Every structure is written in structure tokens, then in C-alpha cells.
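The data block below is data_10.txt; it holds compact mmCIF, C-alpha atoms and all ligand atoms.
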# COMPACT_ATOMS: atom_id res chain seq x y z
CA VAL A 1 -5.28 -3.49 21.85
CA ILE A 2 -7.08 -2.01 24.87
CA VAL A 3 -7.33 1.76 25.28
CA ARG A 4 -7.81 3.14 28.79
CA HIS A 5 -9.38 6.53 29.43
CA SER A 6 -10.78 8.52 32.35
CA SER A 7 -14.21 6.92 32.25
CA GLY A 8 -13.33 3.35 31.25
CA SER A 9 -11.64 1.45 28.47
CA TYR A 10 -12.36 -0.01 25.06
CA GLU A 11 -11.00 -2.73 22.86
CA ILE A 12 -9.70 -2.33 19.33
CA GLU A 13 -10.20 -5.69 17.73
CA SER A 14 -9.08 -7.01 14.38
CA VAL A 15 -12.04 -9.06 13.15
CA GLY A 16 -13.84 -10.08 9.96
CA PHE A 17 -16.64 -7.81 8.74
CA ASP A 18 -19.43 -10.36 9.24
CA ALA A 19 -18.03 -11.54 12.59
CA ALA A 20 -17.96 -7.93 13.82
CA PHE A 21 -21.74 -7.68 13.42
CA GLY A 22 -22.10 -10.87 15.44
CA GLU A 23 -20.46 -9.10 18.38
CA MET A 24 -22.67 -6.01 18.29
CA PRO A 25 -25.66 -5.41 20.56
CA SER A 26 -29.10 -5.99 19.01
CA ASP A 27 -30.32 -2.52 20.03
CA LEU A 28 -28.25 -0.78 17.37
CA ARG A 29 -28.57 2.11 14.90
CA ILE A 30 -26.18 2.15 11.93
CA ILE A 31 -25.09 5.31 10.16
CA THR A 32 -22.97 5.03 6.99
CA ASP A 33 -22.40 6.74 3.65
CA GLU A 34 -23.58 5.85 0.15
CA ASN A 35 -20.24 4.47 -1.04
CA VAL A 36 -19.85 2.18 1.92
CA ASP A 37 -23.50 1.15 1.74
CA ARG A 38 -23.18 0.25 -1.93
CA LEU A 39 -20.18 -1.99 -1.19
CA TYR A 40 -21.11 -3.46 2.21
CA GLY A 41 -24.80 -2.69 2.82
CA GLU A 42 -25.95 -6.17 1.83
CA ARG A 43 -23.76 -7.72 4.48
CA ILE A 44 -25.40 -5.82 7.29
CA PRO A 45 -27.76 -8.23 9.09
CA SER A 46 -31.30 -7.51 7.90
CA GLY A 47 -33.69 -5.52 10.03
CA MET A 48 -31.06 -3.28 11.58
CA PRO A 49 -32.10 0.38 11.28
CA LYS A 50 -29.70 2.16 8.96
CA LEU A 51 -29.25 5.76 7.85
CA VAL A 52 -27.27 6.33 4.63
CA LEU A 53 -25.69 9.76 4.11
CA PRO A 54 -24.04 11.37 1.09
CA PRO A 55 -20.26 10.80 1.05
CA GLY A 56 -17.70 13.56 1.49
CA GLU A 57 -16.45 16.17 3.94
CA GLY A 58 -19.53 18.33 3.25
CA THR A 59 -21.61 15.87 5.26
CA LYS A 60 -19.53 16.55 8.39
CA SER A 61 -21.78 19.52 9.13
CA LEU A 62 -24.17 20.83 11.77
CA GLU A 63 -27.01 20.23 9.36
CA TRP A 64 -26.29 16.50 9.07
CA PHE A 65 -25.53 16.32 12.78
CA GLY A 66 -29.08 17.59 13.36
CA ARG A 67 -30.55 15.13 10.88
CA CYS A 68 -28.71 12.22 12.51
CA LEU A 69 -30.04 13.25 15.94
CA SER A 70 -33.58 13.50 14.58
CA TRP A 71 -33.29 10.11 12.89
CA LEU A 72 -32.22 8.54 16.18
CA ALA A 73 -35.21 10.11 17.93
CA GLU A 74 -37.65 9.06 15.17
CA SER A 75 -36.33 5.52 15.25
CA GLY A 76 -37.07 5.31 18.97
CA ALA A 77 -33.46 5.16 20.15
CA THR A 78 -33.09 5.28 23.94
CA ARG A 79 -30.15 6.01 26.22
CA LYS A 80 -29.19 2.34 25.97
CA THR A 81 -29.17 2.21 22.15
CA SER A 82 -25.72 1.87 20.57
CA VAL A 83 -24.79 3.81 17.45
CA LEU A 84 -22.42 2.33 14.86
CA ALA A 85 -20.27 4.61 12.71
CA LEU A 86 -19.70 2.52 9.57
CA GLY A 87 -17.39 4.39 7.20
CA GLY A 88 -14.36 6.62 6.95
CA GLY A 89 -13.33 9.51 9.14
CA VAL A 90 -16.18 11.74 8.00
CA ILE A 91 -18.76 9.24 9.22
CA GLY A 92 -16.69 8.45 12.33
CA ASP A 93 -16.45 12.09 13.40
CA LEU A 94 -20.06 13.00 12.55
CA VAL A 95 -21.64 9.87 14.02
CA GLY A 96 -19.36 10.03 17.05
CA PHE A 97 -20.48 13.59 17.70
CA THR A 98 -24.10 12.52 17.24
CA ALA A 99 -23.61 9.70 19.79
CA SER A 100 -21.95 12.15 22.21
CA ALA A 101 -24.97 14.45 22.09
CA TYR A 102 -28.03 12.21 21.70
CA MET A 103 -29.67 12.08 25.14
CA ARG A 104 -26.38 13.51 26.49
CA GLY A 105 -24.45 10.53 25.22
CA VAL A 106 -25.14 6.99 24.01
CA PRO A 107 -22.66 4.15 23.35
CA LEU A 108 -20.63 4.55 20.16
CA LEU A 109 -19.18 1.71 18.10
CA GLN A 110 -16.65 2.39 15.35
CA LEU A 111 -16.15 0.23 12.27
CA PRO A 112 -13.70 2.35 10.26
CA THR A 113 -13.54 1.46 6.57
CA THR A 114 -10.72 3.67 5.27
CA LEU A 115 -7.05 3.24 6.12
CA LEU A 116 -6.95 6.78 7.51
CA SER A 117 -9.86 6.14 9.85
CA GLN A 118 -8.47 2.74 10.90
CA VAL A 119 -5.02 4.01 11.89
CA ASP A 120 -6.13 7.39 13.17
CA SER A 121 -9.59 8.87 13.52
CA ALA A 122 -11.52 5.92 14.98
CA VAL A 123 -9.32 5.89 18.07
CA GLY A 124 -8.73 8.66 20.59
CA GLY A 125 -12.25 9.88 21.26
CA LYS A 126 -12.19 13.09 19.23
CA VAL A 127 -15.49 13.58 17.41
CA GLY A 128 -17.05 16.59 15.75
CA VAL A 129 -18.18 18.49 12.70
CA ASP A 130 -16.96 21.39 10.58
CA LEU A 131 -18.54 24.85 10.74
CA PRO A 132 -18.72 27.25 7.79
CA GLU A 133 -16.07 29.22 9.74
CA GLY A 134 -13.58 26.37 9.87
CA LYS A 135 -12.80 22.68 10.11
CA ASN A 136 -13.53 20.63 13.23
CA LEU A 137 -14.75 23.72 15.13
CA ALA A 138 -17.56 21.93 16.98
CA GLY A 139 -16.94 18.69 18.75
CA ALA A 140 -16.47 16.62 21.87
CA PHE A 141 -14.41 13.87 23.42
CA HIS A 142 -16.56 10.75 23.26
CA PRO A 143 -14.52 7.54 23.30
CA PRO A 144 -16.11 4.54 21.58
CA LYS A 145 -17.20 1.38 23.42
CA ALA A 146 -15.41 -0.73 20.83
CA VAL A 147 -13.51 -0.38 17.56
CA PHE A 148 -13.69 -3.13 14.93
CA ILE A 149 -10.80 -3.23 12.47
CA CYS A 150 -11.93 -5.18 9.40
CA SER A 151 -8.93 -5.17 7.08
CA GLU A 152 -10.98 -6.61 4.20
CA THR A 153 -12.69 -3.22 3.81
CA LEU A 154 -9.37 -1.81 2.60
CA ASN A 155 -9.58 -4.02 -0.51
CA THR A 156 -12.29 -1.81 -2.03
CA LEU A 157 -10.58 1.49 -1.20
CA PRO A 158 -9.57 3.57 -4.23
CA GLU A 159 -5.77 3.66 -4.63
CA ARG A 160 -5.56 7.36 -3.81
CA GLN A 161 -7.54 6.90 -0.58
CA PHE A 162 -5.25 4.03 0.39
CA ARG A 163 -2.13 6.16 -0.10
CA ASN A 164 -3.84 8.94 1.83
CA GLY A 165 -3.94 6.66 4.87
CA MET A 166 -0.39 5.44 4.26
CA ALA A 167 0.82 8.99 4.96
CA GLU A 168 -0.36 8.62 8.58
CA VAL A 169 1.18 5.13 8.77
CA VAL A 170 4.56 6.45 7.63
CA LYS A 171 4.15 9.32 10.10
CA TYR A 172 3.90 6.87 13.02
CA GLY A 173 7.22 5.42 11.90
CA PHE A 174 8.85 8.85 11.74
CA ILE A 175 7.62 10.04 15.15
CA LEU A 176 7.57 6.94 17.31
CA ALA A 177 8.80 3.75 15.69
CA ALA A 178 11.59 3.80 13.10
CA GLU A 179 11.39 -0.01 12.82
CA LEU A 180 7.86 0.29 11.41
CA LEU A 181 9.30 1.89 8.27
CA ASP A 182 11.15 -1.30 7.36
CA ASP A 183 7.93 -3.36 7.56
CA LEU A 184 5.94 -1.26 5.13
CA PRO A 185 4.88 -2.75 1.81
CA GLY A 186 5.92 -1.14 -1.44
CA PRO A 187 3.24 0.33 -3.72
CA GLY A 188 0.73 -2.29 -4.84
CA GLU A 189 1.69 -4.75 -2.11
CA PRO A 190 -0.94 -5.51 0.55
CA LEU A 191 -0.69 -3.93 3.98
CA GLY A 192 -0.64 -6.44 6.83
CA THR A 193 -3.20 -6.04 9.61
CA GLU A 194 -0.31 -6.17 12.08
CA VAL A 195 0.94 -2.83 10.71
CA VAL A 196 -2.50 -1.25 11.28
CA MET A 197 -2.63 -2.69 14.81
CA LYS A 198 0.91 -1.47 15.51
CA CYS A 199 -0.09 2.08 14.49
CA LEU A 200 -3.14 1.87 16.74
CA ASP A 201 -1.01 0.72 19.64
CA LEU A 202 1.25 3.73 19.09
CA LYS A 203 -1.73 6.08 18.99
CA ARG A 204 -3.06 4.39 22.15
CA GLN A 205 0.16 5.17 24.03
CA VAL A 206 -0.01 8.83 23.03
CA VAL A 207 -3.70 9.42 23.76
CA GLU A 208 -3.59 7.56 27.08
CA GLU A 209 -0.96 10.03 28.22
CA ASP A 210 -2.84 13.12 27.07
CA GLU A 211 -6.51 12.17 26.72
CA TYR A 212 -7.88 15.71 26.48
CA GLU A 213 -4.97 17.24 24.57
CA SER A 214 -4.11 19.34 27.61
CA THR A 215 -0.48 18.50 28.43
CA GLY A 216 0.79 18.91 24.90
CA SER A 217 2.21 15.42 24.59
CA ARG A 218 -0.57 14.43 22.15
CA ALA A 219 0.87 17.05 19.81
CA VAL A 220 3.61 14.67 18.65
CA LEU A 221 0.93 13.14 16.43
CA ASN A 222 0.96 16.48 14.65
CA TYR A 223 4.26 16.04 12.81
CA GLY A 224 3.75 17.39 9.28
CA HIS A 225 0.38 18.79 10.31
CA THR A 226 1.19 22.48 10.94
CA VAL A 227 2.18 22.80 7.29
CA GLY A 228 -0.29 20.12 6.15
CA HIS A 229 -3.32 21.84 7.66
CA ALA A 230 -2.17 25.14 6.17
CA ILE A 231 -1.96 23.51 2.71
CA GLU A 232 -5.48 22.10 3.13
CA HIS A 233 -6.72 25.52 4.24
CA VAL A 234 -5.07 27.50 1.44
CA THR A 235 -6.19 25.03 -1.26
CA GLY A 236 -9.74 25.02 0.11
CA TYR A 237 -10.12 21.47 1.49
CA GLY A 238 -10.64 19.13 -1.41
CA PRO A 239 -8.02 19.15 -4.18
CA VAL A 240 -5.28 18.02 -1.79
CA LEU A 241 -6.29 15.15 0.50
CA HIS A 242 -5.27 15.29 4.16
CA GLY A 243 -2.65 12.55 3.80
CA GLU A 244 -1.19 14.24 0.72
CA ALA A 245 -1.02 17.58 2.55
CA ILE A 246 0.75 16.11 5.58
CA SER A 247 3.11 14.19 3.31
CA ILE A 248 4.30 17.49 1.82
CA GLY A 249 4.16 18.99 5.31
CA MET A 250 6.44 16.28 6.71
CA VAL A 251 9.10 17.12 4.12
CA VAL A 252 8.89 20.86 4.85
CA GLU A 253 9.03 20.22 8.59
CA ALA A 254 12.01 17.88 8.18
CA ASP A 255 13.80 20.66 6.31
CA LEU A 256 12.83 23.06 9.10
CA GLY A 257 14.10 20.64 11.74
CA GLU A 258 17.45 20.42 9.97
CA ALA A 259 17.65 24.21 9.58
CA LEU A 260 16.94 24.73 13.29
CA GLY A 261 19.49 22.11 14.27
CA VAL A 262 16.77 19.93 15.82
CA SER A 263 16.80 17.12 13.25
CA PRO A 264 20.05 15.44 12.13
CA LEU A 265 21.29 16.34 8.65
CA GLY A 266 19.86 13.92 6.12
CA THR A 267 16.47 13.67 7.86
CA ARG A 268 14.72 15.46 5.04
CA ASP A 269 16.18 13.07 2.43
CA LEU A 270 15.15 10.02 4.46
CA VAL A 271 11.64 11.38 5.00
CA THR A 272 11.33 12.14 1.28
CA LYS A 273 12.52 8.66 0.33
CA HIS A 274 10.00 6.86 2.55
CA LEU A 275 7.10 9.01 1.34
CA GLN A 276 8.00 8.66 -2.33
CA ARG A 277 8.20 4.91 -1.86
CA GLN A 278 4.51 5.01 -0.93
CA GLY A 279 3.66 7.11 -3.99
CA LEU A 280 3.00 10.20 -1.85
CA PRO A 281 3.69 13.80 -2.96
CA THR A 282 6.72 15.52 -1.43
CA THR A 283 6.36 18.99 -2.95
CA SER A 284 3.66 21.21 -4.42
CA ASP A 285 3.12 24.53 -6.20
CA VAL A 286 1.11 25.75 -3.24
CA LEU A 287 4.35 26.02 -1.23
CA ARG A 288 5.08 29.18 -3.22
CA GLU A 289 2.24 30.86 -1.35
CA GLY A 290 4.41 31.20 1.73
CA HIS A 291 2.65 34.15 3.28
CA SER A 292 -0.85 32.66 2.99
CA LEU A 293 0.47 29.42 4.45
CA ALA A 294 2.18 31.24 7.34
CA THR A 295 -1.04 33.13 8.10
CA ALA A 296 -2.89 29.82 8.32
CA MET A 297 -0.13 28.38 10.54
CA ARG A 298 -0.51 31.24 13.03
CA ARG A 299 -3.97 29.87 13.80
CA ASP A 300 -2.57 26.42 14.59
CA LYS A 301 -3.20 25.41 18.21
CA LYS A 302 0.54 24.77 18.67
CA SER A 303 1.45 28.33 17.66
CA GLY A 304 1.65 31.21 20.12
CA PRO A 305 2.58 34.87 20.40
CA ARG A 306 6.28 34.03 20.24
CA GLY A 307 6.23 31.98 17.07
CA LEU A 308 4.79 29.07 15.13
CA GLY A 309 4.34 25.61 16.65
CA PHE A 310 5.72 22.39 15.18
CA SER A 311 6.28 18.79 16.17
CA LEU A 312 9.76 18.16 14.79
CA LEU A 313 11.81 14.99 14.46
CA THR A 314 14.78 14.81 16.80
CA ARG A 315 15.71 11.73 14.76
CA ILE A 316 13.78 9.22 12.67
CA GLY A 317 11.53 7.54 15.25
CA GLU A 318 11.48 10.43 17.75
CA CYS A 319 9.59 13.69 17.90
CA LYS A 320 9.33 16.78 20.10
CA LEU A 321 7.10 19.84 20.29
CA PHE A 322 8.54 23.31 19.50
CA SER A 323 6.30 26.33 19.91
CA GLU A 324 8.46 29.39 19.22
CA VAL A 325 9.70 28.86 15.69
CA PRO A 326 10.32 32.15 13.84
CA GLU A 327 8.25 32.66 10.72
CA GLU A 328 11.29 33.50 8.55
CA ALA A 329 12.72 30.02 9.13
CA VAL A 330 9.42 28.47 8.05
CA LEU A 331 9.21 30.63 4.93
CA LYS A 332 12.72 29.50 3.96
CA SER A 333 11.83 25.83 4.37
CA LEU A 334 8.68 26.32 2.30
CA SER A 335 10.68 27.88 -0.54
CA ARG A 336 13.31 25.13 -0.37
CA THR A 337 10.79 22.24 -0.61
N1 LIG K 1 -11.22 12.33 15.04
C1 LIG K 1 -9.96 12.28 14.73
O1 LIG K 1 -9.10 12.09 15.58
C2 LIG K 1 -9.56 12.43 13.30
C3 LIG K 1 -8.25 12.14 12.90
C4 LIG K 1 -7.92 12.24 11.55
C5 LIG K 1 -8.90 12.62 10.63
N2 LIG K 1 -10.17 12.90 11.05
C6 LIG K 1 -11.21 13.29 10.09
O2 LIG K 1 -11.41 12.22 9.18
C7 LIG K 1 -11.97 12.74 7.98
C8 LIG K 1 -11.30 12.07 6.80
O3 LIG K 1 -11.52 10.69 6.85
P1 LIG K 1 -11.33 9.75 5.58
O4 LIG K 1 -10.04 10.05 4.94
O5 LIG K 1 -11.61 8.37 6.02
O6 LIG K 1 -12.42 10.33 4.56
P2 LIG K 1 -13.92 9.86 4.17
O7 LIG K 1 -14.68 9.40 5.33
O8 LIG K 1 -14.46 10.99 3.39
O9 LIG K 1 -13.65 8.62 3.20
C9 LIG K 1 -13.00 8.81 1.97
C10 LIG K 1 -13.81 8.26 0.80
O10 LIG K 1 -13.75 6.84 0.80
C11 LIG K 1 -15.07 6.27 0.73
N3 LIG K 1 -14.97 4.98 1.42
C12 LIG K 1 -14.98 4.75 2.74
N4 LIG K 1 -14.73 3.45 2.99
C13 LIG K 1 -14.57 2.85 1.80
C14 LIG K 1 -14.29 1.51 1.41
N5 LIG K 1 -14.04 0.54 2.31
N6 LIG K 1 -14.17 1.23 0.09
C15 LIG K 1 -14.37 2.22 -0.83
N7 LIG K 1 -14.63 3.50 -0.52
C16 LIG K 1 -14.72 3.81 0.78
C17 LIG K 1 -15.95 7.30 1.35
O11 LIG K 1 -17.27 7.18 0.93
C18 LIG K 1 -15.30 8.60 0.85
O12 LIG K 1 -15.73 8.87 -0.45
C19 LIG K 1 -11.76 14.24 8.02
O13 LIG K 1 -12.98 14.88 8.24
C20 LIG K 1 -10.84 14.44 9.22
O14 LIG K 1 -11.06 15.68 9.88
C21 LIG K 1 -10.50 12.81 12.35
ZN ZN K 2 -3.57 13.62 10.24
The structure in this file should be written as C-alpha cells.
Amino acid sequence: VIVRHSSGSYEIESVGFDAAFGEMPSDLRIITDENVDRLYGERIPSGMPKLVLPPGEGTKSLEWFGRCLSWLAESGATRKTSVLALGGGVIGDLVGFTASAYMRGVPLLQLPTTLLSQVDSAVGGKVGVDLPEGKNLAGAFHPPKAVFICSETLNTLPERQFRNGMAEVVKYGFILAAELLDDLPGPGEPLGTEVVMKCLDLKRQVVEEDEYESTGSRAVLNYGHTVGHAIEHVTGYGPVLHGEAISIGMVVEADLGEALGVSPLGTRDLVTKHLQRQGLPTTSDVLREGHSLATAMRRDKKSGPRGLGFSLLTRIGECKLFSEVPEEAVLKSLSRT
């Protein structure tokens, strides 16, 4: 899969872990986290400078951004040095932001090791960190020079992290490719690399059309996310994983679509069925906190003065942006889910 953007293009390649390192430049700095290092560190060719960070969302911070920049400087990195983000979305976003800023931008390579980062965060060029004031508040667009998809890394992923990524996979089926839903494995069955590559090709089509998220068409990727982000916000980022939150969000937003006459009747049941099949949650106690959730949704970039913003299914496999949804309708869908 080749992704084109305003300043060039990059390849997303499905490749073995060891072979991927054979394709990387020798002037390389590797940044990873402790979990990934414990599992894969020995397979990194010896002598390559490596920085190992603590795992978890807390590392996606300005503080660690600063430390990564300083480490690059101390290690003698130049404008020609490539930086490899080896890990999940936390490492991808933090290291990508570091690469965007070091000497005003050095080449970034992505080797995503979680399902979520493989099908979503490693592609599209969005990089950044969280601020104490909110998630992803500082960042940049810095597309990678190459993305290496090593499906073997998924074998060591904890079950819950795997399902977390499956939520985004199922989402691609709902918004852009109904046929994808028939190809998905049941719980416990392995996920074929072709499914990951199919998702990436779908994301490629969307981001090529709206590279800087300016026309609104990139917002289709946000199905389930208005409610999902609100759930993550209200529960304090942690107890509910992103994929779990958007899974619940997709059910609420399917109900909303039906109530608004946008989605055909039965959409919510179909959405629920596909998510349950992947062992994903489709309801939660937090949905009772309708007013806190609605407050969080007002801050969503799709919302405006005339209502809340949602990407809603016009049928399974098709999605459209709506930006003036009345709050009462949303509260009803929350209480029904
Ligand atoms: N830039 C984007 O477009 C974009 C899109 C979606 C999400 N994100 C960001 O991605 C982040 C979430 O990413 P994530 O879900 O990958 O979380 P993560 O990076 O925290 O990884 C989840 C956990 O899995 C561990 N891990 C990673 N690879 C492993 C492997 N192969 N085997 C075993 N354990 C492994 C990690 O150490 C971590 O504990 C969030 O910060 C989110 O904002 C960014
Ligand atoms: Zn998401």
C-alpha cells in the first residue's frame, strides 16, 4: 500500500520483524517501551542506539517529548538521522512528534506493534502528545517515510489489547467496507495480515482525500468516537480502553442514527452483533452519566453552536458526517443503550 501526501509518499509494507530491520537505514535511532523491549529487544541488530521508555499513556507527555529530543541530541543525531517508533500508538505518537520537531523534522519510520497502531495510528501522519489539560492537545502532521507491518508482533499482544484493536477493524467494515465484516475471525482465531492491509488501504483512501483534516471528509473515521471519546474522558482515560469506548460508542451512535432516520432500522442490532462476536462491550454503566457525557461531546471538533457532531452510518458500509444533532436525541440514545 502506498500513501500519497502533499510532500511525497510512503509505503506500508507487510514484512517479517527481522527483515524489516534489514531495510532500515544504518543511521538510525530506535525509541520503544519496556514491554516491547522485553519481548523484541534482543532481535534488534546490535549496536543500534535505543531509548526504552516506560509503557502507558502517561509517557505521551511533554516531559518525555523533551527527554526524547535531548536523547537524540546527546546521541549525535543529525538532520539525516532516521528515528524508528517501535511500539504501540503511544510510542508512535510520541516518537513521531519528536521526529517532527528534532532539527525541525527528521525522517520517521513506524513499526507498530499493537493491532490498534497497525490499523490506525501508524498511518495518516498525525503525531503528538497529551497535555495535563487534555488528550492530544499538542501535535503535528509528520507523515512517516515508511511503515513496517510485522504481523508476528500481534502474537504477544494481551487478549484485551488485541480486542481493543479489533474495534477499529470492525469500524472500518461499518463505515467503508461491509464485506470486511464477513472476513473477520471469531474470537481466538488468528487475524490474517490481509485484513490489516485492507484496513490500512481504507484509511489511506480517507487520509489522502483530507490530509490535514480540513475538508471534514476524514471525520468518517470518527464513527463511534464522539461518544467513545466522551466515555474515555468521563472515566478518566484508563479503565476503559479506546477500542472498548468506541465499541460502546458505535452502538449508541447506531441507535442515534436510527432515531434520526439516518440509519436503516436494524442497524443497531447488526452493529451490536458484530461487536459482541469480537468480545467487545456494547453497553456500560457510564452511559447513565448522560449530562457529563454530553458536556464532553460539546468539545468534540465535529460539534458546533447548533448541535453535536457525529459520523453516522447511512447503512452498514457507508457513513456521513452530521454536525447539528440536538442534545436531547443523544441523551435518549445514551439511556437506551
Ligand atoms: N495518531 C493517530 O492517528 C492515532 C490514532 C489512534 C490512536 N492514537 C493513539 O494511540 C495510543 C494508543 O495506542 P495503543 O492502543 O497501541 O496503546 P499502547 O501504545 O499503550 O500499547 C498498549 C500496551 O501494549 C503493549 N505492547 C505494545 N506492543 C506489544 C506487543 N507486540 N506485545 C505485547 N505488548 C505490547 C504496550 O507496552 C502497552 O502496554 C493513544 O495514545 C491514542 O491517542 C493515535
Ligand atoms: Zn479510534
Among A:Ser121, A:Thr235, A:Thr314, A:Ser214, ligand ZN 2 (chain K) is approached most closely, using only C-alpha atoms and all ligand atoms, by A:Ser121
Computed interatomic separation between CA of Gln276 (chain A) and CA of Glu168 (chain A) (Å) =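 If I compute the distance from CA of Gln276 (chain A) to CA of Glu168 (chain A), I get 13.7 Å.
Of the listed residues (A:Thr98, A:Thr114, A:Thr267, A:Ser46), A:Thr114 comes nearest to ligand LIG 1 (chain K); the distances count all atoms listed in the file.
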Would you work out the distance separating CA of Trp71 (chain A) from CA of Leu86 (chain A), expressed in Å to one decimal?
->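 Value for the CA of Trp71 (chain A)-CA of Leu86 (chain A) distance: 15.9 Å.
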Residues at most 7 Å from ligand LIG 1 (chain K), using all atoms listed in the file? Could they come as a PyMOL selection string?
-> chain A and resi 33-36+39+55-57+60+87-91+93+113-117+120-127+136+153-158+161+165
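Each of A:Glu327, A:Glu318, A:Asp269, A:Glu208 was checked against Gly290 (chain A) using all atoms listed in the file; the smallest atom-to-atom distance is that of A:Glu327.
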Within-7 Å residues of ligand ZN 2 (chain K), basis only C-alpha atoms and all ligand atoms, as a list in words = Glu168, Asn222, His225, His242, Gly243 and Ile246 of chain A
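Note that the spacing between CA of Ser61 (chain A) and CA of Leu94 (chain A) amounts to 7.6 Å.
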Radius query 8 Å about (-0.3, 7.5, 3.8), atoms used: only C-alpha atoms, as a compact mmCIF listing (two decimals) with C-alpha atoms, in the coordinates of the input:
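Final output, saved to part-v6.txt:
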# COMPACT_ATOMS: atom_id res chain seq x y z
CA LEU A 116 -6.95 6.78 7.51
CA PHE A 162 -5.25 4.03 0.39
CA ARG A 163 -2.13 6.16 -0.10
CA ASN A 164 -3.84 8.94 1.83
CA GLY A 165 -3.94 6.66 4.87
CA MET A 166 -0.39 5.44 4.26
CA ALA A 167 0.82 8.99 4.96
CA GLU A 168 -0.36 8.62 8.58
CA VAL A 169 1.18 5.13 8.77
CA VAL A 170 4.56 6.45 7.63
CA LYS A 171 4.15 9.32 10.10
CA GLY A 243 -2.65 12.55 3.80
CA GLU A 244 -1.19 14.24 0.72
CA SER A 247 3.11 14.19 3.31
CA LEU A 275 7.10 9.01 1.34
CA GLN A 278 4.51 5.01 -0.93
CA LEU A 280 3.00 10.20 -1.85
Which residues come within 9 Å of Val234 (chain A), counting all atoms listed in the file, excluding same-chain residues fewer than 3 positions away, as JSON, numbers by chain?
-> {"A": [229, 230, 231, 237, 286, 289, 292, 293, 296]}
Just-selected residues, C-alpha atoms written as a compact mmCIF listing (two decimals), keeping the file's coordinate frame:
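Result file follows (out35.txt):
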# COMPACT_ATOMS: atom_id res chain seq x y z
CA HIS A 229 -3.32 21.84 7.66
CA ALA A 230 -2.17 25.14 6.17
CA ILE A 231 -1.96 23.51 2.71
CA TYR A 237 -10.12 21.47 1.49
CA VAL A 286 1.11 25.75 -3.24
CA GLU A 289 2.24 30.86 -1.35
CA SER A 292 -0.85 32.66 2.99
CA LEU A 293 0.47 29.42 4.45
CA ALA A 296 -2.89 29.82 8.32
Shell of 12 Å around Leu334 (chain A), all atoms listed in the file, local chain residues under 2 positions omitted, as a PyMOL selection string = chain A and resi 227-228+230-231+248-256+259+282-294+327-332+336-337
Could you give me, as a tab-separated table, a per-residue list for region 179-239 of chain A showing, wherever an atom lies at most 9 Å from an atom of region 1-18 of chain A, the closest pair of atoms and their distance in Å to one decimal, using only C-alpha atoms and sorting by chain then residue number from low to high?
residue	atom	partner	partner_atom	distance
A:Thr193	CA	A:Ser14	CA	7.6
A:Met197	CA	A:Val1	CA	7.6
A:Leu200	CA	A:Val1	CA	7.7
A:Asp201	CA	A:Val1	CA	6.4
A:Arg204	CA	A:Val3	CA	5.9
A:Gln205	CA	A:Val3	CA	8.3
A:Val207	CA	A:His5	CA	8.5
A:Glu208	CA	A:His5	CA	6.3
A:Glu211	CA	A:His5	CA	6.9
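Proximity ranking of A:Pro326, A:Gly261, A:Pro132, A:Gly173 relative to Leu202 (chain A) places A:Gly173 first, based on only C-alpha atoms.
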Of the candidates A:Glu179, A:Glu194, A:Asp210, A:Asp130, which one gets nearest to Glu63 (chain A) if we count all atoms listed in the file?
->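 Of A:Glu179, A:Glu194, A:Asp210, A:Asp130, the one nearest Glu63 (chain A), counting all atoms listed in the file, is A:Asp130.
For the set A:Gly186, A:Gly134, A:Gly224, A:Gly307, the residue with the smallest atom-to-atom gap to Lys273 (chain A) is A:Gly186, counting only C-alpha atoms.
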Quick one: residues within 10 Å of Pro185 (chain A), all atoms listed in the file counted, chain neighbours fewer than 5 positions away excluded, as a PyMOL selection string?
-> chain A and resi 190-192+195+277-278
Work out where the centre of an axis-aligned box around every listed atom of region 290-299 of chain A lies and how long its edges are once 6 Å is added on each side; give both in Å to one decimal as AutoDock Vina command-line options.
--center_x 0.2 --center_y 31.3 --center_z 7.8 --size_x 20.4 --size_y 17.8 --size_z 24.1
Can you pull out every residue within 8 Å of Tyr223 (chain A), counting all atoms listed in the file, but drop anything in the same chain fewer than 3 positions away, and send it as a ChimeraX atom specification?
-> /A:171,175,219-220,226,250,253,310-313,319
Contacts of Leu28 (chain A) within 7 Å, all atoms listed in the file, excl. fewer than 6 positions in-chain, as a list of chain:residue names |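 Residues meeting the cut-off are A:Met48, A:Thr81, A:Ser82, A:Val83.
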